[in-house]
file start_14.csv (CSV, C-alpha atoms)
chain,number,residue,atom,x,y,z
K,1,MET,CA,35.1,8.0,-4.8
K,2,ARG,CA,34.2,9.8,-1.6
K,3,LEU,CA,37.4,11.8,-1.7
K,4,THR,CA,36.6,12.9,-5.2
K,5,ARG,CA,33.1,14.1,-4.3
K,6,SER,CA,34.4,15.8,-1.2
K,7,PHE,CA,37.1,17.6,-3.3
K,8,LEU,CA,34.6,18.6,-6.0
K,9,ALA,CA,32.2,20.0,-3.4
K,10,SER,CA,35.0,21.9,-1.7
K,11,GLY,CA,36.1,23.3,-5.0
K,12,PHE,CA,32.6,24.4,-5.7
K,13,VAL,CA,32.3,26.2,-2.4
K,14,VAL,CA,35.7,27.9,-2.9
K,15,MET,CA,34.5,29.0,-6.3
K,16,LEU,CA,31.2,30.4,-4.9
K,17,LEU,CA,33.0,32.1,-2.0
K,18,SER,CA,35.4,33.9,-4.3
K,19,VAL,CA,32.5,35.2,-6.5
K,20,SER,CA,30.3,36.7,-3.8
K,21,PRO,CA,31.6,38.6,-0.7
K,22,SER,CA,28.2,38.1,1.0
K,23,LEU,CA,28.6,34.3,0.6
K,24,HIS,CA,32.0,34.5,2.1
K,25,LEU,CA,30.7,36.4,5.1
K,26,PHE,CA,27.8,33.8,5.4
K,27,ALA,CA,30.3,31.0,5.2
K,28,GLN,CA,32.4,32.5,8.0
K,29,LYS,CA,29.3,33.0,10.2
K,30,THR,CA,28.0,29.5,9.6
K,31,GLY,CA,31.4,27.9,10.1
K,32,MET,CA,31.8,26.6,6.5
K,33,LEU,CA,35.3,28.1,6.3
K,34,SER,CA,36.5,26.4,9.5
K,35,SER,CA,38.2,23.1,9.4
K,36,SER,CA,35.5,21.8,11.7
K,37,PRO,CA,34.4,18.2,10.9
K,38,THR,CA,30.8,19.0,11.9
K,39,MET,CA,29.8,20.1,8.3
K,40,SER,CA,30.4,17.8,5.4
K,41,PRO,CA,31.5,19.1,2.1
K,42,ALA,CA,28.0,18.3,0.6
K,43,LYS,CA,26.3,20.3,3.4
K,44,THR,CA,28.8,23.1,2.9
K,45,ALA,CA,28.0,23.2,-0.8
K,46,THR,CA,24.2,23.1,-0.1
K,47,ALA,CA,24.6,26.0,2.4
K,48,ALA,CA,26.6,27.9,-0.2
K,49,VAL,CA,23.9,27.5,-2.8
K,50,LYS,CA,21.3,28.6,-0.3
K,51,ALA,CA,23.4,31.6,0.6
K,52,SER,CA,23.7,32.4,-3.1
K,53,ALA,CA,20.0,32.2,-3.6
K,54,ALA,CA,19.4,34.4,-0.6
K,55,ASP,CA,21.9,36.9,-2.0
K,56,THR,CA,20.0,36.9,-5.4
K,57,THR,CA,16.7,37.3,-3.7
K,58,ALA,CA,18.0,40.3,-1.6
K,59,SER,CA,19.4,41.9,-4.8
K,60,LYS,CA,16.0,41.5,-6.6
K,61,ALA,CA,14.2,43.0,-3.6
K,62,GLU,CA,16.6,45.9,-3.5
K,63,LYS,CA,16.1,46.6,-7.2
K,64,LYS,CA,12.3,46.4,-6.7
K,65,ALA,CA,12.5,48.9,-3.8
K,66,GLU,CA,14.6,51.3,-5.9
K,67,LYS,CA,12.0,51.2,-8.7
K,68,LYS,CA,9.2,51.8,-6.3
K,69,ALA,CA,11.1,54.8,-4.8
K,70,GLU,CA,11.7,56.2,-8.3
K,71,LYS,CA,8.0,55.8,-9.1
K,72,LEU,CA,6.9,57.6,-5.9
K,73,GLU,CA,9.4,60.4,-6.6
K,74,LYS,CA,8.0,60.9,-10.1
K,75,GLN,CA,4.4,61.0,-8.6
K,76,ALA,CA,5.5,63.6,-6.0
K,77,ASP,CA,7.1,65.7,-8.7
K,78,LYS,CA,3.9,65.5,-10.8
K,79,ALA,CA,1.7,66.5,-7.9
K,80,GLU,CA,4.0,69.4,-7.1
K,81,ARG,CA,3.8,70.7,-10.7
K,82,GLN,CA,0.0,70.3,-10.6
K,83,ALA,CA,-0.2,72.3,-7.4
K,84,GLU,CA,2.1,75.0,-8.8
K,85,ARG,CA,-0.1,75.3,-11.9
K,86,ALA,CA,-3.2,75.5,-9.8
K,87,GLN,CA,-1.7,78.3,-7.7
K,88,ILE,CA,-0.6,80.2,-10.8
K,89,GLN,CA,-4.2,79.9,-12.2
K,90,ALA,CA,-5.6,81.1,-8.8
K,91,ASP,CA,-3.3,84.1,-8.7
K,92,ASN,CA,-4.2,85.1,-12.3
K,93,ALA,CA,-7.9,84.7,-11.5
K,94,ALA,CA,-7.5,86.9,-8.4
K,95,LEU,CA,-5.7,89.6,-10.4
K,96,LYS,CA,-8.5,89.6,-13.1
K,97,ALA,CA,-11.2,89.8,-10.4
K,98,GLU,CA,-9.4,92.8,-8.8
K,99,THR,CA,-9.4,94.5,-12.2
K,100,LYS,CA,-13.1,93.9,-12.7
K,101,VAL,CA,-13.9,95.2,-9.2
K,102,THR,CA,-11.9,98.4,-9.9
K,103,ARG,CA,-13.7,98.9,-13.2
K,104,ALA,CA,-17.1,98.3,-11.6
K,105,GLU,CA,-16.3,100.8,-8.8
K,106,LYS,CA,-15.3,103.4,-11.4
K,107,ALA,CA,-18.5,102.7,-13.4
K,108,ALA,CA,-20.6,102.9,-10.3
K,109,ASN,CA,-19.1,106.3,-9.3
K,110,LYS,CA,-19.6,107.6,-12.8
K,111,ALA,CA,-23.2,106.4,-12.9
K,112,ALA,CA,-23.8,108.0,-9.5
K,113,GLY,CA,-22.5,111.3,-10.8
K,114,LYS,CA,-19.6,111.3,-8.4
K,115,VAL,CA,-16.7,113.3,-9.7
K,116,THR,CA,-13.4,112.3,-8.4
K,117,ALA,CA,-10.7,114.8,-8.4
K,118,PRO,CA,-7.9,113.7,-10.7
K,119,SER,CA,-5.1,112.3,-8.5
K,120,ALA,CA,-1.5,113.2,-9.1
K,121,ALA,CA,0.4,110.6,-11.0
K,122,PRO,CA,2.3,108.4,-8.6
K,123,ASP,CA,6.0,108.8,-8.5
K,124,ASP,CA,8.4,106.0,-9.6
K,125,ALA,CA,9.4,105.1,-6.0
K,126,SER,CA,5.7,104.7,-4.9
K,127,ILE,CA,5.0,102.6,-8.0
K,128,ALA,CA,8.0,100.4,-7.2
K,129,THR,CA,6.8,100.0,-3.6
K,130,ALA,CA,3.3,99.1,-4.7
K,131,ILE,CA,4.6,96.5,-7.2
K,132,LYS,CA,6.8,94.9,-4.6
K,133,GLU,CA,3.9,94.7,-2.1
K,134,LYS,CA,1.7,93.2,-4.8
K,135,LEU,CA,4.2,90.6,-5.8
K,136,ALA,CA,4.9,89.7,-2.2
K,137,SER,CA,1.1,89.2,-1.5
K,138,LEU,CA,0.7,86.6,-4.2
K,139,PRO,CA,1.1,83.0,-2.8
K,140,SER,CA,2.8,81.7,-5.9
K,141,LEU,CA,5.5,84.4,-5.8
K,142,LYS,CA,6.1,84.4,-2.0
K,143,GLU,CA,9.3,82.3,-2.2
K,144,THR,CA,10.9,84.3,-5.0
K,145,LYS,CA,13.1,87.3,-5.0
K,146,ILE,CA,12.1,89.7,-7.7
K,147,ASP,CA,13.8,93.1,-8.0
K,148,VAL,CA,11.7,96.0,-9.3
K,149,VAL,CA,13.0,99.3,-10.8
K,150,VAL,CA,10.6,101.9,-12.1
K,151,LYS,CA,11.7,104.8,-14.4
K,152,SER,CA,9.1,107.1,-16.0
K,153,GLY,CA,6.4,104.6,-15.4
K,154,VAL,CA,8.3,101.7,-17.0
K,155,ALA,CA,8.6,98.8,-14.5
K,156,THR,CA,11.6,96.5,-15.0
K,157,LEU,CA,11.5,93.2,-13.2
K,158,THR,CA,14.6,91.1,-12.7
K,159,GLY,CA,15.3,87.9,-10.8
K,160,ASN,CA,14.7,84.2,-11.1
K,161,VAL,CA,11.6,82.1,-10.8
K,162,LYS,CA,11.0,78.4,-11.2
K,163,THR,CA,8.7,78.5,-14.2
K,164,ALA,CA,7.5,80.6,-17.1
K,165,GLY,CA,4.0,80.6,-15.5
K,166,LEU,CA,5.4,82.5,-12.5
K,167,LYS,CA,7.1,85.0,-14.8
K,168,GLY,CA,3.6,85.6,-16.3
K,169,VAL,CA,2.0,86.1,-12.9
K,170,ALA,CA,4.6,88.8,-12.1
K,171,THR,CA,3.9,90.6,-15.4
K,172,ASN,CA,0.1,90.4,-14.9
K,173,ALA,CA,0.4,91.7,-11.3
K,174,THR,CA,2.7,94.6,-12.3
K,175,LYS,CA,0.4,95.7,-15.2
K,176,ARG,CA,-2.4,96.3,-12.7
K,177,ILE,CA,-0.5,98.7,-10.5
K,178,ALA,CA,-1.6,102.4,-11.0
K,179,GLY,CA,1.0,104.4,-12.8
K,180,VAL,CA,2.6,101.5,-14.6
K,181,LYS,CA,2.8,102.4,-18.3
K,182,GLN,CA,4.8,99.4,-19.5
K,183,VAL,CA,6.4,96.2,-18.0
K,184,ASP,CA,9.9,95.1,-19.0
K,185,ASN,CA,10.0,91.6,-17.6
K,186,GLN,CA,13.6,90.4,-17.5
K,187,ILE,CA,12.9,87.6,-15.0
K,188,VAL,CA,14.6,84.3,-15.9
K,189,ALA,CA,12.4,81.2,-15.7
K,190,GLU,CA,14.4,78.1,-14.7
K,191,LYS,CA,12.1,75.7,-16.6
K,192,GLY,CA,8.8,75.5,-18.3
K,193,ILE,CA,5.9,73.8,-16.7
K,194,LYS,CA,5.6,70.2,-18.0
K,195,LYS,CA,2.2,68.8,-18.7
call {"tool": "encode", "arguments": {"input": "start_14.csv", "output": "structure tokens"}}
result
Amino acid sequence: MRLTRSFLASGFVVMLLSVSPSLHLFAQKTGMLSSSPTMSPAKTATAAVKASAADTTASKAEKKAEKKAEKLEKQADKAERQAERAQIQADNAALKAETKVTRAEKAANKAAGKVTAPSAAPDDASIATAIKEKLASLPSLKETKIDVVVKSGVATLTGNVKTAGLKGVATNATKRIAGVKQVDNQIVAEKGIKK
């Protein structure tokens, strides 16, 4: 009877060791695979079962850590989108404020009776330079490369930006440059802003 139990326990261990490489490694480290008489087949089977349980626990912990990492990555992406939206809103608000200041200055000069000499219309090159400087000054567009071509007061914008919101900021900024009659925005937005 003892021989049968011993044989069954050994068969169980061999089966477990063939299923899991980590059990096999554990068995080698603990001496279960040696012919050493110090570990009985029952102890060998018990150790194999414990190793299997440890392997399962480690696997569950690894899956839990992966899910946590995915969740943190999604949260970081969401925070980045929110920061980007906030920067776009801030840039648009700054552009609107500049326009209001310019209008107020013109109204104040008119009310004071100051007559300003009509200035010569800016040439296309100076308009293009002013647009590039304005776009470079906006925090939300600092990391983008937008090409500007101006012909007869029509500003054509090309390049790539991350979102449609950034494309809109470029259009709004360009419209506010003196001498710009029209904006042809051909910028490609890589994705829309998700809410």
call {"tool": "residues_around", "arguments": {"input": "start_14.csv", "residues": "range 130-139 of chain K", "least_positions_apart": "2", "cutoff": "7 Å", "atoms": "all atoms listed in the file", "output": "list in words"}}
result
Asp91, Ser126, Ile127, Ala128, Leu141, Lys142, Val148, Ala170, Ala173, Thr174 and Ile177 of chain K
call {"tool": "closest_residue", "arguments": {"input": "start_14.csv", "among": "K:Gly165, K:Pro41, K:Gly159, K:Gly179", "to": "Asp124 in chain K", "atoms": "only C-alpha atoms"}}
result
K:Gly179
call {"tool": "atom_distance", "arguments": {"input": "start_14.csv", "atom1": "CA of Thr129 in chain K", "atom2": "CA of Lys145 in chain K"}}
result
14.2 Å
call {"tool": "closest_residue", "arguments": {"input": "start_14.csv", "among": "K:Ala120, K:Ala42, K:Ile146, K:Leu95", "to": "Lys162 in chain K", "atoms": "all atoms listed in the file"}}
result
K:Ile146
call {"tool": "closest_residue", "arguments": {"input": "start_14.csv", "among": "K:Lys106, K:Lys151, K:Lys60, K:Lys100", "to": "Val183 in chain K", "atoms": "all atoms listed in the file"}}
result
K:Lys151
call {"tool": "residues_around", "arguments": {"input": "start_14.csv", "residues": "Ser152 in chain K", "least_positions_apart": "2", "cutoff": "9 Å", "atoms": "all atoms listed in the file", "output": "list in words"}}
result
Asp123, Asp124, Val150, Val154, Ala155, Val180 and Lys181 of chain K
call {"tool": "closest_residue", "arguments": {"input": "start_14.csv", "among": "K:Thr99, K:Gln186, K:Thr57, K:Gln89", "to": "Leu157 in chain K", "atoms": "all atoms listed in the file"}}
result
K:Gln186
call {"tool": "atom_distance", "arguments": {"input": "start_14.csv", "atom1": "CA of Ala79 in chain K", "atom2": "CA of Ser140 in chain K"}}
result
15.4 Å
call {"tool": "atom_distance", "arguments": {"input": "start_14.csv", "atom1": "CA of Arg103 in chain K", "atom2": "CA of Ala121 in chain K"}}
result
18.5 Å
call {"tool": "residues_around", "arguments": {"input": "start_14.csv", "residues": "Lys167 in chain K", "least_positions_apart": "3", "cutoff": "8 Å", "atoms": "only C-alpha atoms", "output": "PyMOL selection string"}}
result
chain K and resi 161+163-164+170-171+185+187-189
call {"tool": "closest_residue", "arguments": {"input": "start_14.csv", "among": "K:Thr156, K:Leu166, K:Ala178, K:Ala125", "to": "Thr144 in chain K", "atoms": "all atoms listed in the file"}}
result
K:Leu166
call {"tool": "build_atoms", "arguments": {"input": "start_14.csv", "residues": "range 120-143 of chain K", "atoms": "N, CA and C atoms", "output": "mmCIF file, in the frame of the given file"}}
result
data_model
loop_
_atom_site.group_PDB
_atom_site.id
_atom_site.type_symbol
_atom_site.label_atom_id
_atom_site.label_comp_id
_atom_site.auth_asym_id
_atom_site.auth_seq_id
_atom_site.Cartn_x
_atom_site.Cartn_y
_atom_site.Cartn_z
ATOM 1 N N ALA K 120 -2.858 112.976 -8.502
ATOM 2 C CA ALA K 120 -1.500 113.200 -9.100
ATOM 3 C C ALA K 120 -0.949 111.849 -9.456
ATOM 4 N N ALA K 121 -0.247 111.835 -10.553
ATOM 5 C CA ALA K 121 0.400 110.600 -11.000
ATOM 6 C C ALA K 121 1.395 110.164 -9.927
ATOM 7 N N PRO K 122 1.360 108.869 -9.575
ATOM 8 C CA PRO K 122 2.300 108.400 -8.600
ATOM 9 C C PRO K 122 3.730 108.501 -9.062
ATOM 10 N N ASP K 123 4.642 108.743 -8.133
ATOM 11 C CA ASP K 123 6.000 108.800 -8.500
ATOM 12 C C ASP K 123 6.602 107.397 -8.670
ATOM 13 N N ASP K 124 7.761 107.301 -9.303
ATOM 14 C CA ASP K 124 8.400 106.000 -9.600
ATOM 15 C C ASP K 124 8.629 105.183 -8.310
ATOM 16 N N ALA K 125 9.067 105.849 -7.247
ATOM 17 C CA ALA K 125 9.400 105.100 -6.000
ATOM 18 C C ALA K 125 8.099 104.501 -5.413
ATOM 19 N N SER K 126 6.983 105.249 -5.423
ATOM 20 C CA SER K 126 5.700 104.700 -4.900
ATOM 21 C C SER K 126 5.191 103.579 -5.769
ATOM 22 N N ILE K 127 5.404 103.702 -7.064
ATOM 23 C CA ILE K 127 5.000 102.600 -8.000
ATOM 24 C C ILE K 127 5.789 101.368 -7.690
ATOM 25 N N ALA K 128 7.097 101.517 -7.534
ATOM 26 C CA ALA K 128 8.000 100.400 -7.200
ATOM 27 C C ALA K 128 7.549 99.695 -5.936
ATOM 28 N N THR K 129 7.244 100.508 -4.922
ATOM 29 C CA THR K 129 6.800 100.000 -3.600
ATOM 30 C C THR K 129 5.499 99.195 -3.788
ATOM 31 N N ALA K 130 4.564 99.756 -4.527
ATOM 32 C CA ALA K 130 3.300 99.100 -4.700
ATOM 33 C C ALA K 130 3.462 97.767 -5.485
ATOM 34 N N ILE K 131 4.358 97.747 -6.464
ATOM 35 C CA ILE K 131 4.600 96.500 -7.200
ATOM 36 C C ILE K 131 5.208 95.447 -6.282
ATOM 37 N N LYS K 132 6.197 95.834 -5.488
ATOM 38 C CA LYS K 132 6.800 94.900 -4.600
ATOM 39 C C LYS K 132 5.819 94.306 -3.587
ATOM 40 N N GLU K 133 4.957 95.165 -3.056
ATOM 41 C CA GLU K 133 3.900 94.700 -2.100
ATOM 42 C C GLU K 133 2.968 93.737 -2.794
ATOM 43 N N LYS K 134 2.587 94.055 -4.027
ATOM 44 C CA LYS K 134 1.700 93.200 -4.800
ATOM 45 C C LYS K 134 2.289 91.833 -5.034
ATOM 46 N N LEU K 135 3.522 91.837 -5.499
ATOM 47 C CA LEU K 135 4.200 90.600 -5.800
ATOM 48 C C LEU K 135 4.370 89.730 -4.531
ATOM 49 N N ALA K 136 4.684 90.382 -3.419
ATOM 50 C CA ALA K 136 4.900 89.700 -2.200
ATOM 51 C C ALA K 136 3.552 89.092 -1.631
ATOM 52 N N SER K 137 2.431 89.690 -2.029
ATOM 53 C CA SER K 137 1.100 89.200 -1.500
ATOM 54 C C SER K 137 0.597 88.008 -2.293
ATOM 55 N N LEU K 138 1.189 87.702 -3.421
ATOM 56 C CA LEU K 138 0.700 86.600 -4.200
ATOM 57 C C LEU K 138 1.354 85.270 -3.725
ATOM 58 N N PRO K 139 0.548 84.264 -3.373
ATOM 59 C CA PRO K 139 1.100 83.000 -2.800
ATOM 60 C C PRO K 139 2.112 82.327 -3.750
ATOM 61 N N SER K 140 1.885 82.376 -5.049
ATOM 62 C CA SER K 140 2.800 81.700 -5.900
ATOM 63 C C SER K 140 4.166 82.355 -6.052
ATOM 64 N N LEU K 141 4.260 83.624 -5.651
ATOM 65 C CA LEU K 141 5.500 84.400 -5.800
ATOM 66 C C LEU K 141 6.179 84.625 -4.397
ATOM 67 N N LYS K 142 5.610 84.098 -3.321
ATOM 68 C CA LYS K 142 6.100 84.400 -2.000
ATOM 69 C C LYS K 142 7.577 83.936 -1.799
ATOM 70 N N GLU K 143 7.966 82.841 -2.387
ATOM 71 C CA GLU K 143 9.300 82.300 -2.200
ATOM 72 C C GLU K 143 10.304 82.764 -3.245
#
